[in-house]
Amino acid sequence: LVERQQVTDAIEHIGTNAIPHLLYWIQYEEPRWLLWLLNAANQKTRIFYFFSRGLDRIDSAIRAFHCLGPATDEAIVELARLANQTKSVEVARRANQALGETGRTNALAPLMMALTNAHYEVRASAADSLRGLGKFARPAVPILIRSLKDKNFIVARSAASNLGFLKLEPTTAVPQLAEALEDTYGNIKIYAVQALCYSGTNSTPSVPALLELEPATDKYL
(Lines give C-alpha, C1' and ligand atoms only; values in the text may rest on other atoms or scores of the structure.)
Protein backbone atom coordinates (compact mmCIF):
# COMPACT_ATOMS: atom_id res chain seq x y z
CA LEU A 1 0.00 0.00 0.00
CA VAL A 2 2.86 2.38 0.78
CA GLU A 3 4.48 1.75 -2.62
CA ARG A 4 1.14 2.22 -4.42
CA GLN A 5 0.58 5.50 -2.59
CA GLN A 6 4.05 6.66 -3.61
CA VAL A 7 3.24 5.91 -7.25
CA THR A 8 -0.06 7.77 -6.93
CA ASP A 9 1.65 10.79 -5.38
CA ALA A 10 4.27 10.78 -8.13
CA ILE A 11 1.69 10.72 -10.91
CA GLU A 12 -0.30 13.50 -9.28
CA HIS A 13 2.90 15.56 -9.00
CA ILE A 14 3.84 15.00 -12.66
CA GLY A 15 0.31 15.96 -13.74
CA THR A 16 -0.34 16.52 -17.44
CA ASN A 17 3.31 15.81 -18.31
CA ALA A 18 2.54 12.13 -17.64
CA ILE A 19 -0.26 11.94 -20.22
CA PRO A 20 1.85 11.31 -23.36
CA HIS A 21 3.62 8.43 -21.62
CA LEU A 22 0.35 6.94 -20.36
CA LEU A 23 -1.20 7.16 -23.83
CA TYR A 24 1.87 5.45 -25.26
CA TRP A 25 1.39 2.45 -23.00
CA ILE A 26 -2.33 2.35 -23.65
CA GLN A 27 -1.41 1.74 -27.31
CA TYR A 28 1.53 -0.57 -26.67
CA GLU A 29 1.53 -3.86 -28.55
CA GLU A 30 3.90 -6.75 -28.04
CA PRO A 31 6.50 -7.27 -30.81
CA ARG A 32 5.40 -9.75 -33.44
CA TRP A 33 8.46 -11.93 -32.83
CA LEU A 34 7.42 -12.39 -29.20
CA LEU A 35 3.85 -13.29 -30.13
CA TRP A 36 5.18 -15.73 -32.74
CA LEU A 37 7.51 -17.31 -30.20
CA LEU A 38 4.78 -17.73 -27.62
CA ASN A 39 2.39 -19.16 -30.19
CA ALA A 40 5.03 -21.59 -31.44
CA ALA A 41 5.82 -22.70 -27.90
CA ASN A 42 2.11 -23.08 -27.15
CA GLN A 43 2.90 -21.87 -23.65
CA LYS A 44 1.45 -18.37 -23.78
CA THR A 45 -0.32 -18.50 -20.43
CA ARG A 46 2.80 -19.77 -18.65
CA ILE A 47 5.61 -17.65 -20.07
CA PHE A 48 3.87 -14.57 -21.44
CA TYR A 49 4.30 -12.67 -18.21
CA PHE A 50 7.95 -13.72 -17.97
CA PHE A 51 8.87 -12.30 -21.38
CA SER A 52 6.52 -9.34 -21.54
CA ARG A 53 7.74 -6.01 -20.25
CA GLY A 54 4.54 -4.30 -21.27
CA LEU A 55 1.67 -5.91 -19.37
CA ASP A 56 2.42 -4.36 -15.99
CA ARG A 57 3.02 -0.97 -17.55
CA ILE A 58 -0.19 -1.15 -19.57
CA ASP A 59 -2.17 -1.98 -16.44
CA SER A 60 -0.43 0.77 -14.49
CA ALA A 61 -1.07 3.29 -17.26
CA ILE A 62 -4.78 2.49 -17.25
CA ARG A 63 -5.01 2.85 -13.49
CA ALA A 64 -2.95 6.03 -13.50
CA PHE A 65 -5.78 7.97 -15.10
CA HIS A 66 -7.64 7.57 -11.82
CA CYS A 67 -4.94 9.64 -10.10
CA LEU A 68 -4.82 12.60 -12.45
CA GLY A 69 -8.22 14.12 -11.67
CA PRO A 70 -9.07 17.19 -13.77
CA ALA A 71 -5.76 16.83 -15.60
CA THR A 72 -7.21 13.87 -17.49
CA ASP A 73 -9.56 16.16 -19.41
CA GLU A 74 -6.66 16.84 -21.75
CA ALA A 75 -6.35 13.13 -22.53
CA ILE A 76 -10.03 12.20 -22.83
CA VAL A 77 -10.26 13.37 -26.45
CA GLU A 78 -7.44 11.03 -27.44
CA LEU A 79 -8.81 8.18 -25.32
CA ALA A 80 -12.18 8.68 -27.04
CA ARG A 81 -10.52 8.35 -30.43
CA LEU A 82 -8.71 5.18 -29.37
CA ALA A 83 -11.87 3.69 -27.86
CA ASN A 84 -13.75 3.97 -31.13
CA GLN A 85 -11.06 3.19 -33.68
CA THR A 86 -11.15 -0.10 -35.56
CA LYS A 87 -7.45 -0.89 -35.94
CA SER A 88 -6.97 -2.65 -32.61
CA VAL A 89 -9.73 -4.07 -30.45
CA GLU A 90 -7.28 -4.49 -27.57
CA VAL A 91 -6.27 -0.83 -27.63
CA ALA A 92 -9.93 0.20 -27.80
CA ARG A 93 -10.66 -1.98 -24.77
CA ARG A 94 -7.81 -0.41 -22.80
CA ALA A 95 -8.97 3.09 -23.76
CA ASN A 96 -12.44 2.28 -22.45
CA GLN A 97 -10.95 1.14 -19.17
CA ALA A 98 -8.89 4.32 -18.90
CA LEU A 99 -11.98 6.45 -19.62
CA GLY A 100 -13.75 4.71 -16.77
CA GLU A 101 -10.79 5.27 -14.47
CA THR A 102 -10.94 9.03 -15.05
CA GLY A 103 -14.34 9.22 -13.33
CA ARG A 104 -14.97 12.38 -15.36
CA THR A 105 -18.34 13.37 -16.82
CA ASN A 106 -16.81 14.08 -20.22
CA ALA A 107 -15.72 10.44 -20.42
CA LEU A 108 -19.38 9.41 -20.66
CA ALA A 109 -20.01 10.38 -24.30
CA PRO A 110 -17.16 8.26 -25.76
CA LEU A 111 -18.13 5.31 -23.58
CA MET A 112 -21.73 5.58 -24.77
CA MET A 113 -20.47 5.62 -28.35
CA ALA A 114 -18.30 2.57 -27.64
CA LEU A 115 -21.42 0.76 -26.39
CA THR A 116 -22.58 0.76 -30.02
CA ASN A 117 -19.22 -0.34 -31.48
CA ALA A 118 -19.27 -3.11 -34.08
CA HIS A 119 -16.96 -5.35 -32.02
CA TYR A 120 -18.46 -7.13 -29.04
CA GLU A 121 -15.30 -6.85 -26.89
CA VAL A 122 -15.36 -3.07 -27.23
CA ARG A 123 -19.07 -2.93 -26.33
CA ALA A 124 -18.57 -5.18 -23.32
CA SER A 125 -15.57 -3.23 -22.03
CA ALA A 126 -17.49 0.03 -22.40
CA ALA A 127 -20.31 -1.38 -20.28
CA ASP A 128 -17.84 -2.51 -17.62
CA SER A 129 -16.00 0.83 -17.66
CA LEU A 130 -19.17 2.78 -16.87
CA ARG A 131 -18.76 1.60 -13.28
CA GLY A 132 -15.98 4.10 -12.81
CA LEU A 133 -18.31 6.99 -13.61
CA GLY A 134 -20.84 6.11 -10.92
CA LYS A 135 -23.87 8.40 -10.94
CA PHE A 136 -22.50 10.23 -13.99
CA ALA A 137 -23.31 7.11 -16.03
CA ARG A 138 -27.06 7.70 -15.66
CA PRO A 139 -27.61 8.80 -19.31
CA ALA A 140 -26.13 5.47 -20.45
CA VAL A 141 -28.80 3.37 -18.70
CA PRO A 142 -31.11 3.17 -21.76
CA ILE A 143 -28.24 1.82 -23.87
CA LEU A 144 -27.36 -0.72 -21.18
CA ILE A 145 -30.99 -1.83 -21.12
CA ARG A 146 -30.98 -2.30 -24.88
CA SER A 147 -27.72 -4.20 -24.52
CA LEU A 148 -29.48 -6.81 -22.38
CA LYS A 149 -30.69 -8.19 -25.71
CA ASP A 150 -27.38 -7.83 -27.51
CA LYS A 151 -26.68 -10.63 -29.97
CA ASN A 152 -23.44 -11.36 -28.14
CA PHE A 153 -23.81 -13.01 -24.73
CA ILE A 154 -20.71 -11.33 -23.27
CA VAL A 155 -22.17 -7.89 -23.97
CA ALA A 156 -25.57 -8.85 -22.55
CA ARG A 157 -23.89 -10.25 -19.45
CA SER A 158 -21.87 -7.05 -18.92
CA ALA A 159 -24.98 -4.93 -19.39
CA ALA A 160 -26.88 -6.90 -16.75
CA SER A 161 -24.04 -6.89 -14.25
CA ASN A 162 -23.42 -3.17 -14.55
CA LEU A 163 -27.06 -2.18 -14.39
CA GLY A 164 -27.11 -3.92 -11.03
CA PHE A 165 -23.83 -2.42 -9.87
CA LEU A 166 -24.70 1.16 -10.82
CA LYS A 167 -28.20 1.05 -9.29
CA LEU A 168 -29.31 3.90 -11.53
CA GLU A 169 -32.86 4.49 -12.82
CA PRO A 170 -34.23 1.45 -10.93
CA THR A 171 -37.83 2.11 -11.99
CA THR A 172 -36.72 1.48 -15.56
CA ALA A 173 -33.83 -0.94 -15.10
CA VAL A 174 -35.40 -3.38 -12.62
CA PRO A 175 -38.39 -4.35 -14.81
CA GLN A 176 -36.03 -4.99 -17.72
CA LEU A 177 -33.78 -7.14 -15.55
CA ALA A 178 -36.84 -9.01 -14.33
CA GLU A 179 -37.84 -9.61 -17.94
CA ALA A 180 -34.38 -10.99 -18.60
CA LEU A 181 -35.09 -13.70 -16.01
CA GLU A 182 -37.18 -15.39 -18.70
CA ASP A 183 -34.38 -15.29 -21.25
CA THR A 184 -32.73 -18.64 -21.98
CA TYR A 185 -30.05 -17.14 -24.23
CA GLY A 186 -26.62 -17.96 -22.80
CA ASN A 187 -28.02 -18.21 -19.26
CA ILE A 188 -28.32 -14.42 -19.14
CA LYS A 189 -30.88 -14.97 -16.37
CA ILE A 190 -28.03 -15.86 -14.00
CA TYR A 191 -26.52 -12.41 -14.38
CA ALA A 192 -29.93 -10.76 -14.20
CA VAL A 193 -30.46 -12.46 -10.82
CA GLN A 194 -27.10 -11.19 -9.60
CA ALA A 195 -27.87 -7.69 -10.85
CA LEU A 196 -31.18 -7.67 -9.02
CA CYS A 197 -29.38 -8.75 -5.86
CA TYR A 198 -26.97 -5.83 -6.26
CA SER A 199 -29.94 -3.51 -6.65
CA GLY A 200 -31.07 -4.24 -3.09
CA THR A 201 -34.49 -2.91 -2.10
CA ASN A 202 -34.88 -1.35 -5.55
CA SER A 203 -35.46 -4.84 -6.91
CA THR A 204 -38.49 -5.53 -4.67
CA PRO A 205 -40.94 -5.46 -7.64
CA SER A 206 -39.02 -8.36 -9.20
CA VAL A 207 -39.50 -10.71 -6.22
CA PRO A 208 -42.44 -12.64 -7.78
CA ALA A 209 -40.38 -13.32 -10.91
CA LEU A 210 -37.39 -14.38 -8.78
CA LEU A 211 -39.54 -16.81 -6.79
CA GLU A 212 -40.62 -18.51 -10.00
CA LEU A 213 -37.06 -19.38 -11.00
CA GLU A 214 -35.88 -22.96 -10.94
CA PRO A 215 -34.03 -23.88 -7.71
CA ALA A 216 -30.92 -24.72 -9.74
CA THR A 217 -30.34 -21.02 -10.30
CA ASP A 218 -29.51 -20.62 -6.60
CA LYS A 219 -26.03 -22.06 -7.06
CA TYR A 220 -25.03 -19.03 -9.11
CA LEU A 221 -25.84 -16.50 -6.37
# chains A, B, ... in the order shown; residues from 1 in each chain; ligands from 1
>>> residues_around(residues="A:Arg157", least_positions_apart="3", cutoff="12 Å", atoms="only C-alpha atoms", output="JSON, numbers by chain")
{"A": [120, 121, 123, 124, 125, 127, 128, 144, 145, 146, 147, 148, 149, 150, 151, 152, 153, 154, 160, 161, 162, 163, 164, 177, 180, 183, 185, 186, 187, 188, 189, 190, 191, 192, 193, 194, 195]}
>>> write_last_selection(atoms="N, CA and C atoms", output="mmCIF file, in the first residue's frame")
data_model
loop_
_atom_site.group_PDB
_atom_site.id
_atom_site.type_symbol
_atom_site.label_atom_id
_atom_site.label_comp_id
_atom_site.auth_asym_id
_atom_site.auth_seq_id
_atom_site.Cartn_x
_atom_site.Cartn_y
_atom_site.Cartn_z
ATOM 1 N N TYR A 120 -17.839 -6.812 -30.324
ATOM 2 C CA TYR A 120 -18.461 -7.132 -29.043
ATOM 3 C C TYR A 120 -17.531 -6.864 -27.856
ATOM 4 N N GLU A 121 -16.218 -7.075 -28.017
ATOM 5 C CA GLU A 121 -15.305 -6.847 -26.891
ATOM 6 C C GLU A 121 -15.262 -5.368 -26.510
ATOM 7 N N ARG A 123 -17.771 -3.226 -26.987
ATOM 8 C CA ARG A 123 -19.069 -2.932 -26.333
ATOM 9 C C ARG A 123 -19.067 -3.411 -24.884
ATOM 10 N N ALA A 124 -18.581 -4.616 -24.678
ATOM 11 C CA ALA A 124 -18.572 -5.177 -23.316
ATOM 12 C C ALA A 124 -17.659 -4.378 -22.392
ATOM 13 N N SER A 125 -16.491 -3.985 -22.877
ATOM 14 C CA SER A 125 -15.568 -3.227 -22.033
ATOM 15 C C SER A 125 -16.121 -1.845 -21.718
ATOM 16 N N ALA A 127 -19.315 -1.159 -21.334
ATOM 17 C CA ALA A 127 -20.314 -1.383 -20.277
ATOM 18 C C ALA A 127 -19.642 -1.535 -18.924
ATOM 19 N N ASP A 128 -18.564 -2.302 -18.878
ATOM 20 C CA ASP A 128 -17.839 -2.507 -17.618
ATOM 21 C C ASP A 128 -17.202 -1.211 -17.114
ATOM 22 N N LEU A 144 -27.625 0.520 -21.898
ATOM 23 C CA LEU A 144 -27.361 -0.723 -21.177
ATOM 24 C C LEU A 144 -28.593 -1.635 -21.206
ATOM 25 N N ILE A 145 -29.758 -1.030 -21.074
ATOM 26 C CA ILE A 145 -30.992 -1.827 -21.118
ATOM 27 C C ILE A 145 -31.154 -2.477 -22.481
ATOM 28 N N ARG A 146 -30.897 -1.716 -23.545
ATOM 29 C CA ARG A 146 -30.980 -2.300 -24.884
ATOM 30 C C ARG A 146 -29.941 -3.402 -25.069
ATOM 31 N N SER A 147 -28.802 -3.221 -24.395
ATOM 32 C CA SER A 147 -27.721 -4.199 -24.521
ATOM 33 C C SER A 147 -28.036 -5.520 -23.824
ATOM 34 N N LEU A 148 -29.058 -5.549 -22.996
ATOM 35 C CA LEU A 148 -29.483 -6.810 -22.382
ATOM 36 C C LEU A 148 -29.895 -7.823 -23.446
ATOM 37 N N LYS A 149 -30.275 -7.323 -24.616
ATOM 38 C CA LYS A 149 -30.693 -8.194 -25.711
ATOM 39 C C LYS A 149 -29.664 -8.186 -26.842
ATOM 40 N N ASP A 150 -28.437 -7.820 -26.508
ATOM 41 C CA ASP A 150 -27.377 -7.834 -27.505
ATOM 42 C C ASP A 150 -27.203 -9.242 -28.067
ATOM 43 N N LYS A 151 -26.845 -9.334 -29.327
ATOM 44 C CA LYS A 151 -26.676 -10.633 -29.970
ATOM 45 C C LYS A 151 -25.505 -11.409 -29.379
ATOM 46 N N ASN A 152 -24.580 -10.693 -28.752
ATOM 47 C CA ASN A 152 -23.443 -11.362 -28.135
ATOM 48 C C ASN A 152 -23.682 -11.510 -26.635
ATOM 49 N N PHE A 153 -23.526 -12.724 -26.138
ATOM 50 C CA PHE A 153 -23.812 -13.006 -24.734
ATOM 51 C C PHE A 153 -22.912 -12.220 -23.788
ATOM 52 N N ILE A 154 -21.642 -12.034 -24.156
ATOM 53 C CA ILE A 154 -20.711 -11.330 -23.270
ATOM 54 C C ILE A 154 -21.170 -9.896 -23.041
ATOM 55 N N ALA A 160 -26.119 -6.504 -17.937
ATOM 56 C CA ALA A 160 -26.882 -6.898 -16.750
ATOM 57 C C ALA A 160 -26.102 -6.627 -15.474
ATOM 58 N N SER A 161 -24.856 -7.055 -15.442
ATOM 59 C CA SER A 161 -24.041 -6.887 -14.246
ATOM 60 C C SER A 161 -23.888 -5.422 -13.860
ATOM 61 N N ASN A 162 -23.684 -4.574 -14.852
ATOM 62 C CA ASN A 162 -23.419 -3.167 -14.549
ATOM 63 C C ASN A 162 -24.677 -2.368 -14.275
ATOM 64 N N LEU A 163 -25.799 -2.799 -14.804
ATOM 65 C CA LEU A 163 -27.064 -2.177 -14.392
ATOM 66 C C LEU A 163 -27.289 -2.410 -12.903
ATOM 67 N N GLY A 164 -26.965 -3.622 -12.445
ATOM 68 C CA GLY A 164 -27.109 -3.919 -11.028
ATOM 69 C C GLY A 164 -26.108 -3.164 -10.181
ATOM 70 N N LEU A 177 -34.555 -6.030 -16.099
ATOM 71 C CA LEU A 177 -33.778 -7.145 -15.554
ATOM 72 C C LEU A 177 -34.694 -8.300 -15.181
ATOM 73 N N ALA A 180 -35.498 -10.160 -18.171
ATOM 74 C CA ALA A 180 -34.376 -10.989 -18.604
ATOM 75 C C ALA A 180 -34.326 -12.325 -17.858
ATOM 76 N N ASP A 183 -35.223 -15.098 -20.073
ATOM 77 C CA ASP A 183 -34.383 -15.289 -21.250
ATOM 78 C C ASP A 183 -33.516 -16.528 -21.076
ATOM 79 N N TYR A 185 -31.227 -17.352 -23.391
ATOM 80 C CA TYR A 185 -30.049 -17.141 -24.231
ATOM 81 C C TYR A 185 -28.784 -17.029 -23.370
ATOM 82 N N GLY A 186 -27.910 -18.007 -23.484
ATOM 83 C CA GLY A 186 -26.622 -17.955 -22.800
ATOM 84 C C GLY A 186 -26.720 -17.851 -21.291
ATOM 85 N N ASN A 187 -27.838 -18.316 -20.713
ATOM 86 C CA ASN A 187 -28.022 -18.214 -19.263
ATOM 87 C C ASN A 187 -27.909 -16.784 -18.760
ATOM 88 N N ILE A 188 -28.379 -15.822 -19.555
ATOM 89 C CA ILE A 188 -28.317 -14.424 -19.138
ATOM 90 C C ILE A 188 -29.107 -14.213 -17.857
ATOM 91 N N LYS A 189 -30.066 -15.107 -17.589
ATOM 92 C CA LYS A 189 -30.880 -14.969 -16.374
ATOM 93 C C LYS A 189 -30.012 -15.016 -15.102
ATOM 94 N N ILE A 190 -28.918 -15.762 -15.161
ATOM 95 C CA ILE A 190 -28.033 -15.860 -14.001
ATOM 96 C C ILE A 190 -27.503 -14.478 -13.622
ATOM 97 N N TYR A 191 -27.092 -13.734 -14.630
ATOM 98 C CA TYR A 191 -26.521 -12.409 -14.385
ATOM 99 C C TYR A 191 -27.608 -11.392 -14.055
ATOM 100 N N ALA A 192 -28.810 -11.627 -14.563
ATOM 101 C CA ALA A 192 -29.931 -10.764 -14.202
ATOM 102 C C ALA A 192 -30.271 -10.942 -12.727
ATOM 103 N N VAL A 193 -30.214 -12.191 -12.245
ATOM 104 C CA VAL A 193 -30.465 -12.458 -10.819
ATOM 105 C C VAL A 193 -29.422 -11.738 -9.969
ATOM 106 N N GLN A 194 -28.158 -11.856 -10.353
ATOM 107 C CA GLN A 194 -27.096 -11.195 -9.599
ATOM 108 C C GLN A 194 -27.279 -9.681 -9.598
ATOM 109 N N ALA A 195 -27.664 -9.136 -10.751
ATOM 110 C CA ALA A 195 -27.867 -7.692 -10.853
ATOM 111 C C ALA A 195 -29.003 -7.238 -9.948
#
>>> residues_around(residues="A:Glu74", least_positions_apart="3", cutoff="12 Å", atoms="only C-alpha atoms", output="VMD selection string")
chain A and resid 15 to 20 23 65 68 to 71 77 to 80 99 102 104 106 to 107
>>> write_last_selection(atoms="N, CA and C atoms", output="short mmCIF file (atom, residue, chain, number, x, y, z; two decimals), in the first residue's frame")
data_model
loop_
_atom_site.label_atom_id
_atom_site.label_comp_id
_atom_site.auth_asym_id
_atom_site.auth_seq_id
_atom_site.Cartn_x
_atom_site.Cartn_y
_atom_site.Cartn_z
N GLY A 15 1.47 15.33 -13.12
CA GLY A 15 0.31 15.96 -13.74
C GLY A 15 0.22 15.69 -15.23
N THR A 16 -0.10 16.71 -16.01
CA THR A 16 -0.34 16.52 -17.44
C THR A 16 0.90 16.07 -18.20
N ASN A 17 2.09 16.28 -17.64
CA ASN A 17 3.31 15.81 -18.31
C ASN A 17 3.35 14.29 -18.43
N ALA A 18 2.56 13.59 -17.60
CA ALA A 18 2.54 12.13 -17.64
C ALA A 18 1.65 11.60 -18.76
N ILE A 19 0.75 12.42 -19.27
CA ILE A 19 -0.26 11.94 -20.22
C ILE A 19 0.32 11.32 -21.48
N PRO A 20 1.30 11.95 -22.15
CA PRO A 20 1.85 11.31 -23.36
C PRO A 20 2.41 9.92 -23.10
N LEU A 23 -0.56 7.47 -22.55
CA LEU A 23 -1.20 7.16 -23.83
C LEU A 23 -0.34 6.22 -24.67
N PHE A 65 -4.82 6.92 -14.76
CA PHE A 65 -5.78 7.97 -15.10
C PHE A 65 -6.73 8.28 -13.94
N LEU A 68 -5.09 11.29 -11.87
CA LEU A 68 -4.82 12.60 -12.45
C LEU A 68 -5.92 13.63 -12.25
N GLY A 69 -7.12 13.18 -11.92
CA GLY A 69 -8.22 14.12 -11.67
C GLY A 69 -8.52 14.99 -12.88
N PRO A 70 -8.73 16.29 -12.67
CA PRO A 70 -9.07 17.19 -13.77
C PRO A 70 -8.04 17.21 -14.89
N ALA A 71 -6.81 16.83 -14.58
CA ALA A 71 -5.76 16.83 -15.60
C ALA A 71 -6.06 15.85 -16.73
N VAL A 77 -10.02 13.31 -25.01
CA VAL A 77 -10.26 13.37 -26.45
C VAL A 77 -9.50 12.27 -27.17
N GLU A 78 -8.24 12.07 -26.80
CA GLU A 78 -7.44 11.03 -27.44
C GLU A 78 -7.91 9.64 -27.03
N LEU A 79 -8.27 9.47 -25.77
CA LEU A 79 -8.81 8.18 -25.32
C LEU A 79 -10.10 7.85 -26.05
N ALA A 80 -10.93 8.88 -26.29
CA ALA A 80 -12.18 8.68 -27.04
C ALA A 80 -11.90 8.19 -28.45
N LEU A 99 -10.89 5.46 -19.70
CA LEU A 99 -11.98 6.45 -19.62
C LEU A 99 -12.78 6.24 -18.34
N THR A 102 -10.98 7.58 -15.25
CA THR A 102 -10.94 9.03 -15.05
C THR A 102 -12.05 9.49 -14.11
N ARG A 104 -14.57 11.05 -14.92
CA ARG A 104 -14.97 12.38 -15.36
C ARG A 104 -16.26 12.31 -16.19
N ASN A 106 -17.03 14.03 -18.78
CA ASN A 106 -16.81 14.08 -20.22
C ASN A 106 -16.25 12.79 -20.79
N ALA A 107 -16.09 11.77 -19.93
CA ALA A 107 -15.72 10.44 -20.42
C ALA A 107 -16.97 9.64 -20.80
#
>>> residues_around(residues="A:Thr172", least_positions_apart="3", cutoff="10 Å", atoms="only C-alpha atoms", output="list in words")
Val141, Pro142, Ile145, Leu168, Glu169, Pro175, Gln176 and Leu177 of chain A
>>> write_last_selection(atoms="N, CA, C and O atoms", output="short mmCIF file (atom, residue, chain, number, x, y, z; two decimals), in the first residue's frame")
data_model
loop_
_atom_site.label_atom_id
_atom_site.label_comp_id
_atom_site.auth_asym_id
_atom_site.auth_seq_id
_atom_site.Cartn_x
_atom_site.Cartn_y
_atom_site.Cartn_z
N VAL A 141 -27.91 4.47 -19.12
CA VAL A 141 -28.80 3.37 -18.70
C VAL A 141 -29.68 2.85 -19.84
O VAL A 141 -29.80 1.63 -20.02
N PRO A 142 -30.30 3.71 -20.65
CA PRO A 142 -31.11 3.17 -21.76
C PRO A 142 -30.32 2.29 -22.72
O PRO A 142 -30.85 1.29 -23.23
N ILE A 145 -29.76 -1.03 -21.07
CA ILE A 145 -30.99 -1.83 -21.12
C ILE A 145 -31.15 -2.48 -22.48
O ILE A 145 -31.50 -3.67 -22.58
N LEU A 168 -28.76 2.66 -11.00
CA LEU A 168 -29.31 3.90 -11.53
C LEU A 168 -30.64 3.64 -12.24
O LEU A 168 -30.83 2.58 -12.83
N GLU A 169 -31.54 4.59 -12.16
CA GLU A 169 -32.86 4.49 -12.82
C GLU A 169 -33.53 3.15 -12.53
O GLU A 169 -33.94 2.42 -13.44
N PRO A 175 -37.45 -3.56 -14.00
CA PRO A 175 -38.39 -4.35 -14.81
C PRO A 175 -37.71 -5.04 -16.00
O PRO A 175 -38.08 -6.16 -16.36
N GLN A 176 -36.73 -4.38 -16.59
CA GLN A 176 -36.03 -4.99 -17.72
C GLN A 176 -35.16 -6.16 -17.27
O GLN A 176 -35.06 -7.17 -17.97
N LEU A 177 -34.55 -6.03 -16.10
CA LEU A 177 -33.78 -7.14 -15.55
C LEU A 177 -34.69 -8.30 -15.18
O LEU A 177 -34.35 -9.47 -15.37
#
>>> closest_residue(among="A:Thr86, A:Phe165, A:Ala75, A:Leu181", to="A:Cys197", atoms="only C-alpha atoms")
A:Phe165
>>> atom_distance(atom1="atom CA of A:Gln85", atom2="atom CA of A:Thr116")
12.3 Å
>>> decode(residues="stretch 108-148 of chain A", atoms="N, CA and C atoms", output="short mmCIF file (atom, residue, chain, number, x, y, z; two decimals), in the first residue's frame")
data_model
loop_
_atom_site.label_atom_id
_atom_site.label_comp_id
_atom_site.auth_asym_id
_atom_site.auth_seq_id
_atom_site.Cartn_x
_atom_site.Cartn_y
_atom_site.Cartn_z
N LEU A 108 -18.13 10.15 -20.43
CA LEU A 108 -19.38 9.41 -20.66
C LEU A 108 -19.70 9.29 -22.15
N ALA A 109 -19.62 10.39 -22.88
CA ALA A 109 -20.01 10.38 -24.30
C ALA A 109 -19.23 9.34 -25.11
N PRO A 110 -17.88 9.29 -24.99
CA PRO A 110 -17.16 8.26 -25.76
C PRO A 110 -17.48 6.84 -25.31
N LEU A 111 -17.76 6.65 -24.03
CA LEU A 111 -18.13 5.31 -23.58
C LEU A 111 -19.50 4.91 -24.13
N MET A 112 -20.42 5.86 -24.19
CA MET A 112 -21.73 5.58 -24.77
C MET A 112 -21.60 5.24 -26.25
N MET A 113 -20.70 5.93 -26.94
CA MET A 113 -20.47 5.62 -28.35
C MET A 113 -19.86 4.23 -28.49
N ALA A 114 -18.93 3.89 -27.59
CA ALA A 114 -18.30 2.57 -27.64
C ALA A 114 -19.30 1.45 -27.37
N LEU A 115 -20.37 1.75 -26.65
CA LEU A 115 -21.42 0.76 -26.39
C LEU A 115 -22.12 0.32 -27.67
N THR A 116 -21.96 1.09 -28.73
CA THR A 116 -22.58 0.76 -30.02
C THR A 116 -21.55 0.30 -31.04
N ASN A 117 -20.31 0.07 -30.59
CA ASN A 117 -19.22 -0.34 -31.48
C ASN A 117 -19.55 -1.67 -32.16
N ALA A 118 -18.99 -1.88 -33.33
CA ALA A 118 -19.27 -3.11 -34.08
C ALA A 118 -18.68 -4.35 -33.41
N HIS A 119 -17.62 -4.18 -32.63
CA HIS A 119 -16.96 -5.35 -32.02
C HIS A 119 -17.48 -5.58 -30.61
N TYR A 120 -17.84 -6.81 -30.32
CA TYR A 120 -18.46 -7.13 -29.04
C TYR A 120 -17.53 -6.86 -27.86
N GLU A 121 -16.22 -7.08 -28.02
CA GLU A 121 -15.30 -6.85 -26.89
C GLU A 121 -15.26 -5.37 -26.51
N VAL A 122 -15.36 -4.50 -27.50
CA VAL A 122 -15.36 -3.07 -27.23
C VAL A 122 -16.66 -2.68 -26.53
N ARG A 123 -17.77 -3.23 -26.99
CA ARG A 123 -19.07 -2.93 -26.33
C ARG A 123 -19.07 -3.41 -24.88
N ALA A 124 -18.58 -4.62 -24.68
CA ALA A 124 -18.57 -5.18 -23.32
C ALA A 124 -17.66 -4.38 -22.39
N SER A 125 -16.49 -3.99 -22.88
CA SER A 125 -15.57 -3.23 -22.03
C SER A 125 -16.12 -1.85 -21.72
N ALA A 126 -16.86 -1.27 -22.66
CA ALA A 126 -17.49 0.03 -22.40
C ALA A 126 -18.52 -0.09 -21.29
N ALA A 127 -19.31 -1.16 -21.33
CA ALA A 127 -20.31 -1.38 -20.28
C ALA A 127 -19.64 -1.54 -18.92
N ASP A 128 -18.56 -2.30 -18.88
CA ASP A 128 -17.84 -2.51 -17.62
C ASP A 128 -17.20 -1.21 -17.11
N SER A 129 -16.71 -0.40 -18.05
CA SER A 129 -16.00 0.83 -17.66
C SER A 129 -16.92 1.90 -17.12
N LEU A 130 -18.21 1.80 -17.40
CA LEU A 130 -19.17 2.78 -16.87
C LEU A 130 -19.20 2.76 -15.34
N ARG A 131 -18.78 1.67 -14.74
CA ARG A 131 -18.76 1.60 -13.28
C ARG A 131 -17.95 2.73 -12.67
N GLY A 132 -16.85 3.08 -13.34
CA GLY A 132 -15.98 4.10 -12.81
C GLY A 132 -16.60 5.49 -12.79
N LEU A 133 -17.66 5.67 -13.56
CA LEU A 133 -18.31 6.99 -13.61
C LEU A 133 -19.42 7.14 -12.57
N GLY A 134 -19.82 6.03 -11.97
CA GLY A 134 -20.84 6.11 -10.92
C GLY A 134 -22.12 6.78 -11.40
N LYS A 135 -22.60 7.75 -10.63
CA LYS A 135 -23.87 8.40 -10.94
C LYS A 135 -23.82 9.17 -12.26
N PHE A 136 -22.61 9.52 -12.72
CA PHE A 136 -22.50 10.23 -13.99
C PHE A 136 -22.88 9.35 -15.18
N ALA A 137 -22.98 8.03 -14.95
CA ALA A 137 -23.31 7.11 -16.03
C ALA A 137 -24.81 7.02 -16.28
N ARG A 138 -25.60 7.79 -15.56
CA ARG A 138 -27.06 7.70 -15.66
C ARG A 138 -27.58 7.79 -17.10
N PRO A 139 -27.08 8.72 -17.94
CA PRO A 139 -27.61 8.80 -19.31
C PRO A 139 -27.36 7.54 -20.15
N ALA A 140 -26.44 6.68 -19.70
CA ALA A 140 -26.13 5.47 -20.45
C ALA A 140 -27.07 4.31 -20.13
N VAL A 141 -27.91 4.47 -19.12
CA VAL A 141 -28.80 3.37 -18.70
C VAL A 141 -29.68 2.85 -19.84
N PRO A 142 -30.30 3.71 -20.65
CA PRO A 142 -31.11 3.17 -21.76
C PRO A 142 -30.32 2.29 -22.72
N ILE A 143 -29.05 2.64 -22.97
CA ILE A 143 -28.24 1.82 -23.87
C ILE A 143 -27.91 0.49 -23.20
N LEU A 144 -27.63 0.52 -21.90
CA LEU A 144 -27.36 -0.72 -21.18
C LEU A 144 -28.59 -1.63 -21.21
N ILE A 145 -29.76 -1.03 -21.07
CA ILE A 145 -30.99 -1.83 -21.12
C ILE A 145 -31.15 -2.48 -22.48
N ARG A 146 -30.90 -1.72 -23.54
CA ARG A 146 -30.98 -2.30 -24.88
C ARG A 146 -29.94 -3.40 -25.07
N SER A 147 -28.80 -3.22 -24.40
CA SER A 147 -27.72 -4.20 -24.52
C SER A 147 -28.04 -5.52 -23.82
N LEU A 148 -29.06 -5.55 -23.00
CA LEU A 148 -29.48 -6.81 -22.38
C LEU A 148 -29.90 -7.82 -23.45
#
